[in-house]
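Novice: Following this line is my_file_21.txt, made up of compact mmCIF, C-alpha atoms:
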```txt
# COMPACT_ATOMS: atom_id res chain seq x y z
CA MET K 1 -2.51 1.60 -54.23
CA ASP K 2 -0.15 4.28 -52.96
CA ARG K 3 2.26 3.55 -50.15
CA ASP K 4 0.60 5.87 -47.53
CA LYS K 5 -2.83 4.41 -48.18
CA LEU K 6 -1.47 0.87 -47.87
CA HIS K 7 0.30 1.82 -44.65
CA ARG K 8 -2.92 3.28 -43.14
CA GLU K 9 -4.87 0.17 -44.17
CA VAL K 10 -2.32 -2.14 -42.55
CA LEU K 11 -2.41 -0.07 -39.34
CA ARG K 12 -6.24 -0.03 -39.29
CA THR K 13 -6.43 -3.79 -39.83
CA PHE K 14 -3.75 -4.41 -37.22
CA ASP K 15 -5.48 -2.09 -34.74
CA ASN K 16 -8.90 -3.73 -35.25
CA ALA K 17 -7.46 -7.23 -34.85
CA CYS K 18 -5.63 -6.16 -31.70
CA ILE K 19 -8.72 -4.64 -30.11
CA SER K 20 -10.96 -7.64 -30.82
CA ARG K 21 -8.31 -10.12 -29.60
CA SER K 22 -7.66 -8.11 -26.45
CA ALA K 23 -11.37 -8.05 -25.66
CA GLN K 24 -11.25 -11.85 -25.36
CA TYR K 25 -8.68 -11.63 -22.56
CA SER K 26 -10.13 -8.63 -20.77
CA SER K 27 -12.39 -9.34 -17.81
CA ARG K 28 -15.67 -7.47 -17.66
CA ALA K 29 -14.81 -6.18 -14.19
CA GLY K 30 -11.69 -4.35 -15.36
CA PHE K 31 -8.59 -4.37 -13.21
CA VAL K 32 -9.00 -6.54 -10.09
CA PRO K 33 -5.90 -6.75 -7.87
CA LEU K 34 -4.83 -10.25 -6.84
CA SER K 35 -4.29 -10.79 -3.12
CA ASP K 36 -2.87 -13.14 -0.50
CA VAL K 37 -4.06 -13.22 3.12
CA TYR K 38 -2.20 -15.10 5.85
CA PHE K 39 -1.65 -15.15 9.62
CA GLU K 40 1.90 -14.55 10.82
CA GLU K 41 2.34 -16.41 14.09
CA LYS K 42 5.49 -14.63 15.28
CA SER K 43 3.99 -11.13 15.09
CA ARG K 44 0.37 -12.27 15.70
CA GLU K 45 -0.78 -10.27 12.68
CA LEU K 46 -2.93 -10.90 9.66
CA VAL K 47 -1.08 -9.87 6.52
CA VAL K 48 -2.93 -8.90 3.34
CA ARG K 49 -0.85 -8.41 0.19
CA PHE K 50 -2.25 -6.88 -3.01
CA GLU K 51 -0.55 -6.96 -6.42
CA LEU K 52 -0.81 -3.42 -7.80
CA PRO K 53 1.77 -3.20 -10.61
CA GLY K 54 2.26 0.06 -12.41
CA LEU K 55 0.65 2.21 -9.73
CA THR K 56 2.10 4.91 -7.52
CA ARG K 57 1.25 5.28 -3.86
CA GLU K 58 -0.93 8.25 -4.78
CA ASP K 59 -3.07 6.03 -7.05
CA ILE K 60 -4.08 3.80 -4.12
CA GLN K 61 -6.52 4.34 -1.24
CA LEU K 62 -6.76 1.92 1.68
CA GLU K 63 -9.57 1.59 4.22
CA VAL K 64 -9.56 -0.79 7.17
CA GLU K 65 -12.45 -1.83 9.41
CA PRO K 66 -12.30 -4.37 12.25
CA ARG K 67 -13.26 -7.20 9.84
CA LYS K 68 -12.65 -5.78 6.38
CA VAL K 69 -9.84 -4.36 4.24
CA VAL K 70 -10.71 -2.33 1.14
CA VAL K 71 -8.23 -1.12 -1.47
CA HIS K 72 -9.39 1.07 -4.35
CA GLY K 73 -8.00 3.48 -6.88
CA ARG K 74 -7.40 3.91 -10.58
CA ARG K 75 -5.01 2.22 -12.98
CA THR K 76 -4.50 4.60 -15.90
CA PHE K 77 -3.94 3.46 -19.48
CA LEU K 78 -0.76 5.09 -20.71
CA GLY K 79 -1.71 5.14 -24.37
CA GLY K 80 -0.71 8.07 -26.44
CA GLU K 81 -0.47 9.52 -29.88
CA HIS K 82 1.67 7.78 -32.43
CA ARG K 83 1.23 4.37 -30.81
CA VAL K 84 -0.23 1.36 -32.52
CA TYR K 85 -0.69 -1.53 -30.13
CA GLN K 86 -0.18 -5.12 -31.20
CA GLN K 87 -2.08 -6.30 -28.13
CA VAL K 88 -3.55 -4.90 -24.93
CA GLU K 89 -4.18 -7.57 -22.30
CA MET K 90 -3.73 -5.54 -19.13
CA ASP K 91 -6.86 -4.12 -17.53
CA TYR K 92 -7.20 -0.45 -16.63
CA GLY K 93 -9.66 1.87 -14.94
CA ASP K 94 -11.15 2.26 -11.49
CA PHE K 95 -10.82 -0.72 -9.19
CA GLU K 96 -11.92 -1.86 -5.75
CA ARG K 97 -11.09 -5.03 -3.88
CA GLN K 98 -12.62 -5.98 -0.51
CA ILE K 99 -11.23 -8.66 1.75
CA ARG K 100 -13.46 -9.86 4.58
CA LEU K 101 -11.56 -11.02 7.64
CA ALA K 102 -12.54 -13.91 9.90
CA VAL K 103 -11.26 -12.17 13.05
CA ASP K 104 -11.25 -8.65 14.48
CA VAL K 105 -8.15 -6.56 13.83
CA ASP K 106 -6.85 -3.45 15.55
CA VAL K 107 -7.54 -0.65 13.08
CA ASP K 108 -5.52 1.92 15.06
CA THR K 109 -2.22 0.00 14.87
CA THR K 110 -2.55 -1.27 11.29
CA GLN K 111 0.41 -0.46 9.05
CA ALA K 112 0.75 -0.50 5.26
CA THR K 113 3.73 -0.35 2.92
CA TYR K 114 3.94 -0.25 -0.88
CA GLU K 115 7.03 -1.52 -2.63
CA ALA K 116 7.76 -3.03 -6.05
CA GLY K 117 4.07 -3.08 -7.02
CA VAL K 118 2.92 -4.89 -3.86
CA LEU K 119 0.81 -3.28 -1.14
CA GLU K 120 1.32 -5.06 2.20
CA VAL K 121 -1.14 -4.40 5.01
CA ARG K 122 -0.22 -5.68 8.49
CA LEU K 123 -3.22 -6.01 10.79
CA PRO K 124 -2.61 -6.82 14.47
CA LEU K 125 -5.32 -8.96 16.04
CA VAL K 126 -7.54 -7.34 18.65
CA ALA K 127 -6.47 -8.49 22.08
CA HIS K 128 -9.54 -9.92 23.78
CA ASP K 129 -9.65 -10.31 27.55
CA PRO K 130 -9.41 -14.09 28.05
CA ARG K 131 -10.91 -14.08 31.57
CA LYS K 132 -14.18 -15.77 32.33
CA GLN K 133 -17.13 -13.83 33.58
CA ARG K 134 -20.30 -15.21 35.07
CA ILE K 135 -23.42 -13.64 33.55
CA GLU K 136 -26.64 -13.47 35.52
CA ILE K 137 -29.63 -14.91 33.64
CA LYS K 138 -32.81 -12.93 34.07
CA ILE K 139 -36.36 -14.13 33.60
CA GLY K 140 -38.74 -12.28 31.27
CA GLY K 141 -39.30 -8.70 32.41
CA GLU K 142 -36.95 -8.70 35.46
CA SER K 143 -34.52 -5.82 35.65
```
Go ahead and render the structure in this file as structure tokens.

Specialist:
Amino acid sequence: MDRDKLHREVLRTFDNACISRSAQYSSRAGFVPLSDVYFEEKSRELVVRFELPGLTREDIQLEVEPRKVVVHGRRTFLGGEHRVYQQVEMDYGDFERQIRLAVDVDVDTTQATYEAGVLEVRLPLVAHDPRKQRIEIKIGGES
């Protein structure tokens, strides 16, 4: 067997083994960002943090509703010519992660920062009027 043919066979075998092994670790959903959600007492804000390593700010879209935070985008595989991977365990492709919130947040004053692969979303709570109000109870068709 000539040297080039042997080299190609080793690379093909290595590549096939890598792909089948990586498929065992890969989730069917693709890339799903991990997150933490907590209430910060001092600032009276909910804080949602997403791990988004390897992305730029332009790769990420953020949507906020009074009781939901949605982050979505695309994590691109940086493969190229002349590369033979030993293993590929990281997930790539389009992603979306929704976090449902237990309280209403102020969408207009929400702030987000992205640094070192972590997106931090700070969501101030909606200030509800704490006063009591007596409500008249009507019977049937009364107006």

Novice: Quick one: everything within 9 Å of Glu65 (chain K), counting all atoms listed in the file, minus sequence neighbours fewer than 3 positions away in the same chain. Send it as a VMD selection string.

Specialist: chain K and resid 68 to 70 104 to 107

Novice: Here is a test: counting all atoms listed in the file, which residue of K:Leu119, K:Gly73, K:Gly80, K:Ala112 is nearest to Leu34 (chain K)?

Specialist: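 Under the stated criterion, the closest residue is K:Leu119.
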
Novice: Separation of CA of Arg67 (chain K) and CA of Pro33 (chain K), in Å?

Specialist: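 So the answer is 19.2 Å.
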
Novice: Could you tell me which of K:Arg57, K:Arg83, K:Arg74, K:Arg122 comes closest to Arg44 (chain K) if we count only C-alpha atoms?

Specialist: K:Arg122

Novice: How many Å separate CA of Gly93 (chain K) from CA of Tyr38 (chain K)?

Specialist: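 Interatomic distance here is 27.9 Å.
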
Novice: Show which residues sit within 10 Å of Asp59 (chain K), as an MDAnalysis selection string. Count all atoms listed in the file, and ignore same-chain residues fewer than 2 positions away.

Specialist: chainID K and resid 52 54:57 61 72:76 94

Novice: Those residues you just picked out, can you put them in a file as a tab-separated table (two decimals), in the coordinates of the input with C-alpha atoms?

Specialist:
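Result saved to result-v4.tsv:
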```tsv
chain	number	residue	atom	x	y	z
K	52	LEU	CA	-0.81	-3.42	-7.80
K	54	GLY	CA	2.26	0.06	-12.41
K	55	LEU	CA	0.65	2.21	-9.73
K	56	THR	CA	2.10	4.91	-7.52
K	57	ARG	CA	1.25	5.28	-3.86
K	61	GLN	CA	-6.52	4.34	-1.24
K	72	HIS	CA	-9.39	1.07	-4.35
K	73	GLY	CA	-8.00	3.48	-6.88
K	74	ARG	CA	-7.40	3.91	-10.58
K	75	ARG	CA	-5.01	2.22	-12.98
K	76	THR	CA	-4.50	4.60	-15.90
K	94	ASP	CA	-11.15	2.26	-11.49
```

Novice: Separation of CA of Val118 (chain K) and CA of Tyr85 (chain K), in Å?

Specialist: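 Taking CA of Val118 (chain K) as the start and CA of Tyr85 (chain K) as the end point, the length is 26.7 Å.
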
Novice: Select, from K:Gly79, K:Val103, K:Lys138, K:Glu96, the residue with the minimum atom-to-atom distance to Ile60 (chain K), counting all atoms listed in the file.

Specialist: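 Residue with the minimum atom-to-atom distance to Ile60 (chain K): K:Glu96.
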
Novice: Considering only C-alpha atoms, state which residue in the set K:Ile139, K:Val37, K:Val64, K:Leu123 is at the smallest distance from Gln111 (chain K).

Specialist: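 Closest to Gln111 (chain K) of all the choices is K:Leu123.
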
Novice: Which residue out of K:Ile99, K:Val126, K:Gln133, K:Glu81 has the minimum interatomic distance to Asp36 (chain K) when all atoms listed in the file are used?

Specialist: K:Ile99

Novice: Would it be fine to have region 36-63 of chain K, with C-alpha atoms, given as a PDB file, in the first residue's frame?

Specialist:
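What follows is the written file result06.pdb:
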```pdb
ATOM      1  CA  ASP K  36     -29.387  31.258  35.550  1.00  0.00           C
ATOM      2  CA  VAL K  37     -32.309  33.357  36.806  1.00  0.00           C
ATOM      3  CA  TYR K  38     -32.266  35.135  40.162  1.00  0.00           C
ATOM      4  CA  PHE K  39     -33.782  38.098  42.013  1.00  0.00           C
ATOM      5  CA  GLU K  40     -31.377  40.793  43.156  1.00  0.00           C
ATOM      6  CA  GLU K  41     -32.825  42.379  46.286  1.00  0.00           C
ATOM      7  CA  LYS K  42     -30.687  45.526  46.308  1.00  0.00           C
ATOM      8  CA  SER K  43     -31.679  46.632  42.796  1.00  0.00           C
ATOM      9  CA  ARG K  44     -35.133  44.942  42.862  1.00  0.00           C
ATOM     10  CA  GLU K  45     -34.404  43.317  39.502  1.00  0.00           C
ATOM     11  CA  LEU K  46     -34.672  39.863  38.035  1.00  0.00           C
ATOM     12  CA  VAL K  47     -31.400  38.898  36.402  1.00  0.00           C
ATOM     13  CA  VAL K  48     -31.241  36.314  33.619  1.00  0.00           C
ATOM     14  CA  ARG K  49     -27.790  35.142  32.507  1.00  0.00           C
ATOM     15  CA  PHE K  50     -27.214  33.032  29.388  1.00  0.00           C
ATOM     16  CA  GLU K  51     -23.982  31.217  28.520  1.00  0.00           C
ATOM     17  CA  LEU K  52     -23.284  31.991  24.857  1.00  0.00           C
ATOM     18  CA  PRO K  53     -19.606  31.147  24.284  1.00  0.00           C
ATOM     19  CA  GLY K  54     -18.073  31.782  20.909  1.00  0.00           C
ATOM     20  CA  LEU K  55     -20.745  34.211  19.742  1.00  0.00           C
ATOM     21  CA  THR K  56     -20.541  37.884  18.888  1.00  0.00           C
ATOM     22  CA  ARG K  57     -23.173  40.402  19.889  1.00  0.00           C
ATOM     23  CA  GLU K  58     -24.380  40.407  16.288  1.00  0.00           C
ATOM     24  CA  ASP K  59     -25.114  36.645  16.493  1.00  0.00           C
ATOM     25  CA  ILE K  60     -27.635  37.169  19.316  1.00  0.00           C
ATOM     26  CA  GLN K  61     -31.192  38.536  19.324  1.00  0.00           C
ATOM     27  CA  LEU K  62     -33.052  39.275  22.551  1.00  0.00           C
ATOM     28  CA  GLU K  63     -36.794  39.768  23.036  1.00  0.00           C
TER      29      GLU K  63
END
```
